[in-house]
Structure formats: structure tokens, C-alpha cells
Amino acid sequence: MIKKKKKNRYTEVSALSQHIKMSANKARRVIDQIRGRSYEETLMILELMPYRACYPILKLVYSAAANAKHNMGFNEATLIISKAEVNEGTTVKKLKPRARGRGYPIKRSTCHITIILKDLAVERYLNDIAAERYGYTERYS
């Protein structure tokens with residue numbers, strides 16, 4: 001069982017894509033390249049990488065940014081990818097007909113991708129308020 005960490009609802013926005021017809025390892029290869037980068041840099045990286053996994057991840061990053069802009073009013077220039085993870089989904093099992101009436105199994109794997117964006121400007125603002133109010137300089141998140 002995977003424990004879900006509670007996200008900071010004031011500075012973070014997420015997007016989830018499920019049942020993508022792709023191996024989780026192939027999607028992880030791309031996700032590892034964009035984790036921790038800014039939103040604009042991520043778009044450039046995903047558009048130039050030659051992997052098939054880039055397109056669904058690019059759509060998901062666009063969706064997360066749209067969620068951030070529409071739901072929370074964040075600026076896209078200050079967004080970074082704070083968390084990106086790929087989990088294995090269900091495996092579709094089929095039988096392919098072969099010679100002499102036999103059937104060979106075909107396993108089609110799927111994956112679930114989660115991307116969480118964080119707004120740095122809002123986080124800095126909340127840190128400043130906490131420092132003024134409570135007199136300490138710890139991070140808000």
C-alpha cells in the first residue's frame with residue numbers, strides 16, 4: 001500500500017493521469033529528467049526529447065499548469081515541478097493465436113503518472129508572513 005503524503009494546499013497543485021498504455025520504466029526515464037525543474041524549462045525538455053513517453057507527460061504538465069492558473073491563480077513563470085512519480089497500473093492480458101492452435105500470452109502494461117507543481121512566489125510570501133508573525137525563519141512547506 002502506498003502512503004499518500006498530504007500536500008500543501010496553498011502552494012501545490014497536482015494532476016493525475018491514469019491507465020496510460022506504456023511501461024512504467026519507460027515513463028520513469030522521462031520523469032527523472034524533469035523532476036525539480038521549472039515549468040518553462042520542462043516544456044522545452046519534453047518537446048525536444050525523442051521518446052514516445054514525452055507526449056502524455058507533456059499533456060499532463062500542461063494540465064497541471066492549467067489547474068494552477070485557473071484554480072489557484074498562480075503565475076506559470078514561478079512554477080516548479082516539486083514531485084513527479086510513475087506507478088504501475090493494471091496489465092491487460094491477451095492471447096495471440098499461433099501455429100497448431102496454440103495461444104501465446106501478450107501482456108500490455110499501463111502506468112499512472114502524478115505531477116505536483118509548486119509555486120515558489122506564494123511559498124516565499126507565506127514564509128515571510130510566518131517569520132513576521134511568529135518570529136522564526138523556518139520554511140513554510
# chains A, B, ... in the order shown; residues from 1 in each chain; ligands from 1

$ residues_around --residues "Ile106 of chain A" --least-positions-apart "5" --cutoff "7 Å" --atoms "only C-alpha atoms" --output "PyMOL selection string"
chain A and resi 93-96

$ select_by_dssp --residues "segment 2-135 of chain A" --states "strand (DSSP E or B)" --output "PyMOL selection string"
chain A and resi 12-20+38+79-97+103-119

$ write_last_selection --atoms "C-alpha atoms" --output "compact mmCIF listing (two decimals), in the first residue's frame"
# COMPACT_ATOMS: atom_id res chain seq x y z
CA GLU A 12 0.88 22.99 -4.55
CA VAL A 13 -1.35 21.83 -7.39
CA SER A 14 -1.48 18.33 -8.84
CA ALA A 15 -2.59 16.47 -11.94
CA LEU A 16 -3.06 12.73 -12.31
CA SER A 17 -3.21 10.64 -15.46
CA GLN A 18 -4.23 7.00 -15.20
CA HIS A 19 -4.09 3.95 -17.46
CA ILE A 20 -1.53 5.28 -19.92
CA SER A 38 10.86 24.92 -13.70
CA LEU A 79 6.00 27.14 -11.05
CA ILE A 80 8.39 24.25 -10.49
CA ILE A 81 7.79 20.51 -10.60
CA SER A 82 8.14 19.59 -6.96
CA LYS A 83 7.07 15.97 -7.24
CA ALA A 84 6.62 13.63 -10.19
CA GLU A 85 6.02 9.92 -9.85
CA VAL A 86 5.11 6.97 -12.03
CA ASN A 87 3.27 3.95 -10.65
CA GLU A 88 2.43 0.72 -12.40
CA GLY A 89 -1.16 0.30 -13.47
CA THR A 90 -3.14 -2.74 -14.48
CA THR A 91 -1.76 -5.20 -17.02
CA VAL A 92 -4.01 -6.12 -19.93
CA LYS A 93 -3.53 -9.78 -20.80
CA LYS A 94 -4.43 -11.11 -24.26
CA LEU A 95 -3.81 -14.29 -26.21
CA LYS A 96 -2.25 -14.13 -29.65
CA PRO A 97 -3.14 -17.07 -31.91
CA GLY A 103 -2.08 -19.22 -27.98
CA TYR A 104 0.77 -17.07 -26.71
CA PRO A 105 0.10 -14.56 -23.94
CA ILE A 106 0.66 -10.87 -24.60
CA LYS A 107 0.95 -8.54 -21.62
CA ARG A 108 0.18 -4.88 -22.24
CA SER A 109 1.30 -2.84 -19.24
CA THR A 110 -0.14 0.52 -18.17
CA CYS A 111 1.03 3.20 -15.76
CA HIS A 112 -0.31 6.07 -13.65
CA ILE A 113 1.56 9.39 -13.66
CA THR A 114 1.22 12.06 -10.96
CA ILE A 115 2.74 15.53 -11.27
CA ILE A 116 2.69 18.12 -8.47
CA LEU A 117 3.59 21.74 -9.23
CA LYS A 118 4.67 24.20 -6.55
CA ASP A 119 4.52 27.99 -6.78

$ residues_around --residues "Ile31 of chain A" --least-positions-apart "2" --cutoff "8 Å" --atoms "only C-alpha atoms" --output "VMD selection string"
chain A and resid 27 to 29 33 to 35 57 84 to 86

$ write_last_selection --atoms "all heavy atoms" --output "mmCIF file, in the first residue's frame"
data_model
loop_
_atom_site.group_PDB
_atom_site.id
_atom_site.type_symbol
_atom_site.label_atom_id
_atom_site.label_comp_id
_atom_site.auth_asym_id
_atom_site.auth_seq_id
_atom_site.Cartn_x
_atom_site.Cartn_y
_atom_site.Cartn_z
ATOM 1 N N ALA A 27 8.271 5.436 -18.862
ATOM 2 C CA ALA A 27 7.798 6.746 -18.427
ATOM 3 C C ALA A 27 8.725 7.323 -17.357
ATOM 4 O O ALA A 27 8.954 8.537 -17.323
ATOM 5 C CB ALA A 27 6.371 6.643 -17.898
ATOM 6 N N ARG A 28 9.288 6.483 -16.494
ATOM 7 C CA ARG A 28 10.199 6.956 -15.446
ATOM 8 C C ARG A 28 11.464 7.566 -16.033
ATOM 9 O O ARG A 28 12.046 8.483 -15.467
ATOM 10 C CB ARG A 28 10.580 5.808 -14.520
ATOM 11 C CG ARG A 28 9.566 5.544 -13.462
ATOM 12 C CD ARG A 28 10.060 4.570 -12.411
ATOM 13 N NE ARG A 28 8.914 4.054 -11.700
ATOM 14 C CZ ARG A 28 8.470 2.810 -11.804
ATOM 15 N NH1 ARG A 28 9.094 1.946 -12.575
ATOM 16 N NH2 ARG A 28 7.408 2.419 -11.121
ATOM 17 N N ARG A 29 11.897 7.032 -17.179
ATOM 18 C CA ARG A 29 13.100 7.550 -17.830
ATOM 19 C C ARG A 29 12.925 9.030 -18.179
ATOM 20 O O ARG A 29 13.860 9.819 -18.065
ATOM 21 C CB ARG A 29 13.358 6.723 -19.097
ATOM 22 C CG ARG A 29 14.516 7.181 -19.912
ATOM 23 C CD ARG A 29 14.803 6.223 -21.027
ATOM 24 N NE ARG A 29 13.633 6.030 -21.890
ATOM 25 C CZ ARG A 29 13.601 5.168 -22.904
ATOM 26 N NH1 ARG A 29 14.643 4.399 -23.141
ATOM 27 N NH2 ARG A 29 12.537 5.057 -23.649
ATOM 28 N N GLN A 33 14.073 13.115 -15.784
ATOM 29 C CA GLN A 33 14.732 14.270 -16.395
ATOM 30 C C GLN A 33 14.075 15.593 -16.015
ATOM 31 O O GLN A 33 14.730 16.630 -16.020
ATOM 32 C CB GLN A 33 14.720 14.134 -17.927
ATOM 33 C CG GLN A 33 15.462 12.941 -18.438
ATOM 34 C CD GLN A 33 16.947 13.022 -18.143
ATOM 35 O OE1 GLN A 33 17.542 14.081 -18.258
ATOM 36 N NE2 GLN A 33 17.537 11.914 -17.750
ATOM 37 N N ILE A 34 12.771 15.579 -15.700
ATOM 38 C CA ILE A 34 12.064 16.841 -15.467
ATOM 39 C C ILE A 34 11.806 17.131 -13.995
ATOM 40 O O ILE A 34 11.393 18.231 -13.666
ATOM 41 C CB ILE A 34 10.723 16.874 -16.229
ATOM 42 C CG1 ILE A 34 9.756 15.819 -15.696
ATOM 43 C CG2 ILE A 34 10.939 16.712 -17.705
ATOM 44 C CD1 ILE A 34 8.351 15.968 -16.207
ATOM 45 N N ARG A 35 12.040 16.181 -13.121
ATOM 46 C CA ARG A 35 11.749 16.389 -11.697
ATOM 47 C C ARG A 35 12.630 17.496 -11.122
ATOM 48 O O ARG A 35 13.846 17.494 -11.292
ATOM 49 C CB ARG A 35 11.995 15.088 -10.941
ATOM 50 C CG ARG A 35 11.507 15.101 -9.524
ATOM 51 C CD ARG A 35 11.717 13.768 -8.840
ATOM 52 N NE ARG A 35 10.838 12.740 -9.385
ATOM 53 C CZ ARG A 35 11.271 11.604 -9.937
ATOM 54 N NH1 ARG A 35 12.547 11.350 -10.020
ATOM 55 N NH2 ARG A 35 10.409 10.722 -10.392
ATOM 56 N N ILE A 57 3.165 12.887 -20.967
ATOM 57 C CA ILE A 57 3.698 13.644 -19.840
ATOM 58 C C ILE A 57 3.576 15.142 -20.110
ATOM 59 O O ILE A 57 3.240 15.919 -19.214
ATOM 60 C CB ILE A 57 5.151 13.223 -19.542
ATOM 61 C CG1 ILE A 57 5.178 11.769 -19.067
ATOM 62 C CG2 ILE A 57 5.792 14.137 -18.513
ATOM 63 C CD1 ILE A 57 6.545 11.182 -18.926
ATOM 64 N N ALA A 84 7.119 14.330 -9.008
ATOM 65 C CA ALA A 84 6.624 13.635 -10.195
ATOM 66 C C ALA A 84 6.883 12.156 -9.981
ATOM 67 O O ALA A 84 8.001 11.746 -9.671
ATOM 68 C CB ALA A 84 7.342 14.123 -11.449
ATOM 69 N N GLU A 85 5.846 11.353 -10.088
ATOM 70 C CA GLU A 85 6.018 9.921 -9.848
ATOM 71 C C GLU A 85 5.240 9.110 -10.862
ATOM 72 O O GLU A 85 4.231 9.565 -11.405
ATOM 73 C CB GLU A 85 5.610 9.545 -8.435
ATOM 74 C CG GLU A 85 4.167 9.768 -8.111
ATOM 75 C CD GLU A 85 3.856 9.385 -6.673
ATOM 76 O OE1 GLU A 85 4.767 9.358 -5.831
ATOM 77 O OE2 GLU A 85 2.676 9.124 -6.405
ATOM 78 N N VAL A 86 5.742 7.909 -11.107
ATOM 79 C CA VAL A 86 5.107 6.967 -12.033
ATOM 80 C C VAL A 86 4.867 5.671 -11.278
ATOM 81 O O VAL A 86 5.796 5.109 -10.692
ATOM 82 C CB VAL A 86 6.007 6.695 -13.258
ATOM 83 C CG1 VAL A 86 5.346 5.715 -14.188
ATOM 84 C CG2 VAL A 86 6.326 7.982 -13.980
#

$ select_by_dssp --residues "segment 55-90 of chain A" --states "helix (DSSP H, G or I)" --output "PDB file with C-alpha atoms, in the first residue's frame"
ATOM      1  CA  TYR A  55       3.671  13.358 -25.258  1.00  0.00           C
ATOM      2  CA  PRO A  56       1.376  12.099 -22.439  1.00  0.00           C
ATOM      3  CA  ILE A  57       3.698  13.644 -19.840  1.00  0.00           C
ATOM      4  CA  LEU A  58       3.657  16.955 -21.731  1.00  0.00           C
ATOM      5  CA  LYS A  59      -0.143  16.903 -21.767  1.00  0.00           C
ATOM      6  CA  LEU A  60      -0.157  16.208 -18.029  1.00  0.00           C
ATOM      7  CA  VAL A  61       2.248  19.075 -17.283  1.00  0.00           C
ATOM      8  CA  TYR A  62       0.034  21.412 -19.345  1.00  0.00           C
ATOM      9  CA  SER A  63      -2.989  20.186 -17.376  1.00  0.00           C
ATOM     10  CA  ALA A  64      -1.288  20.738 -14.021  1.00  0.00           C
ATOM     11  CA  ALA A  65      -0.300  24.274 -15.066  1.00  0.00           C
ATOM     12  CA  ALA A  66      -3.868  24.986 -16.191  1.00  0.00           C
ATOM     13  CA  ASN A  67      -5.105  23.749 -12.805  1.00  0.00           C
ATOM     14  CA  ALA A  68      -2.615  26.040 -11.082  1.00  0.00           C
ATOM     15  CA  LYS A  69      -3.627  29.061 -13.127  1.00  0.00           C
ATOM     16  CA  HIS A  70      -7.389  28.520 -13.071  1.00  0.00           C
ATOM     17  CA  ASN A  71      -7.988  27.067  -9.613  1.00  0.00           C
ATOM     18  CA  MET A  72      -5.334  28.849  -7.561  1.00  0.00           C
ATOM     19  CA  GLU A  76       3.201  29.996 -14.719  1.00  0.00           C
ATOM     20  CA  ALA A  77       6.622  31.668 -14.599  1.00  0.00           C
ATOM     21  CA  THR A  78       7.124  30.793 -10.916  1.00  0.00           C
TER      22      THR A  78
END

$ atom_distance --atom1 "atom CA of Glu123 of chain A" --atom2 "atom CA of Thr11 of chain A"
6.0 Å

$ atom_distance --atom1 "atom CA of Met22 of chain A" --atom2 "atom CA of Ala53 of chain A"
7.5 Å

$ atom_distance --atom1 "atom CA of Arg52 of chain A" --atom2 "atom CA of Val30 of chain A"
9.5 Å
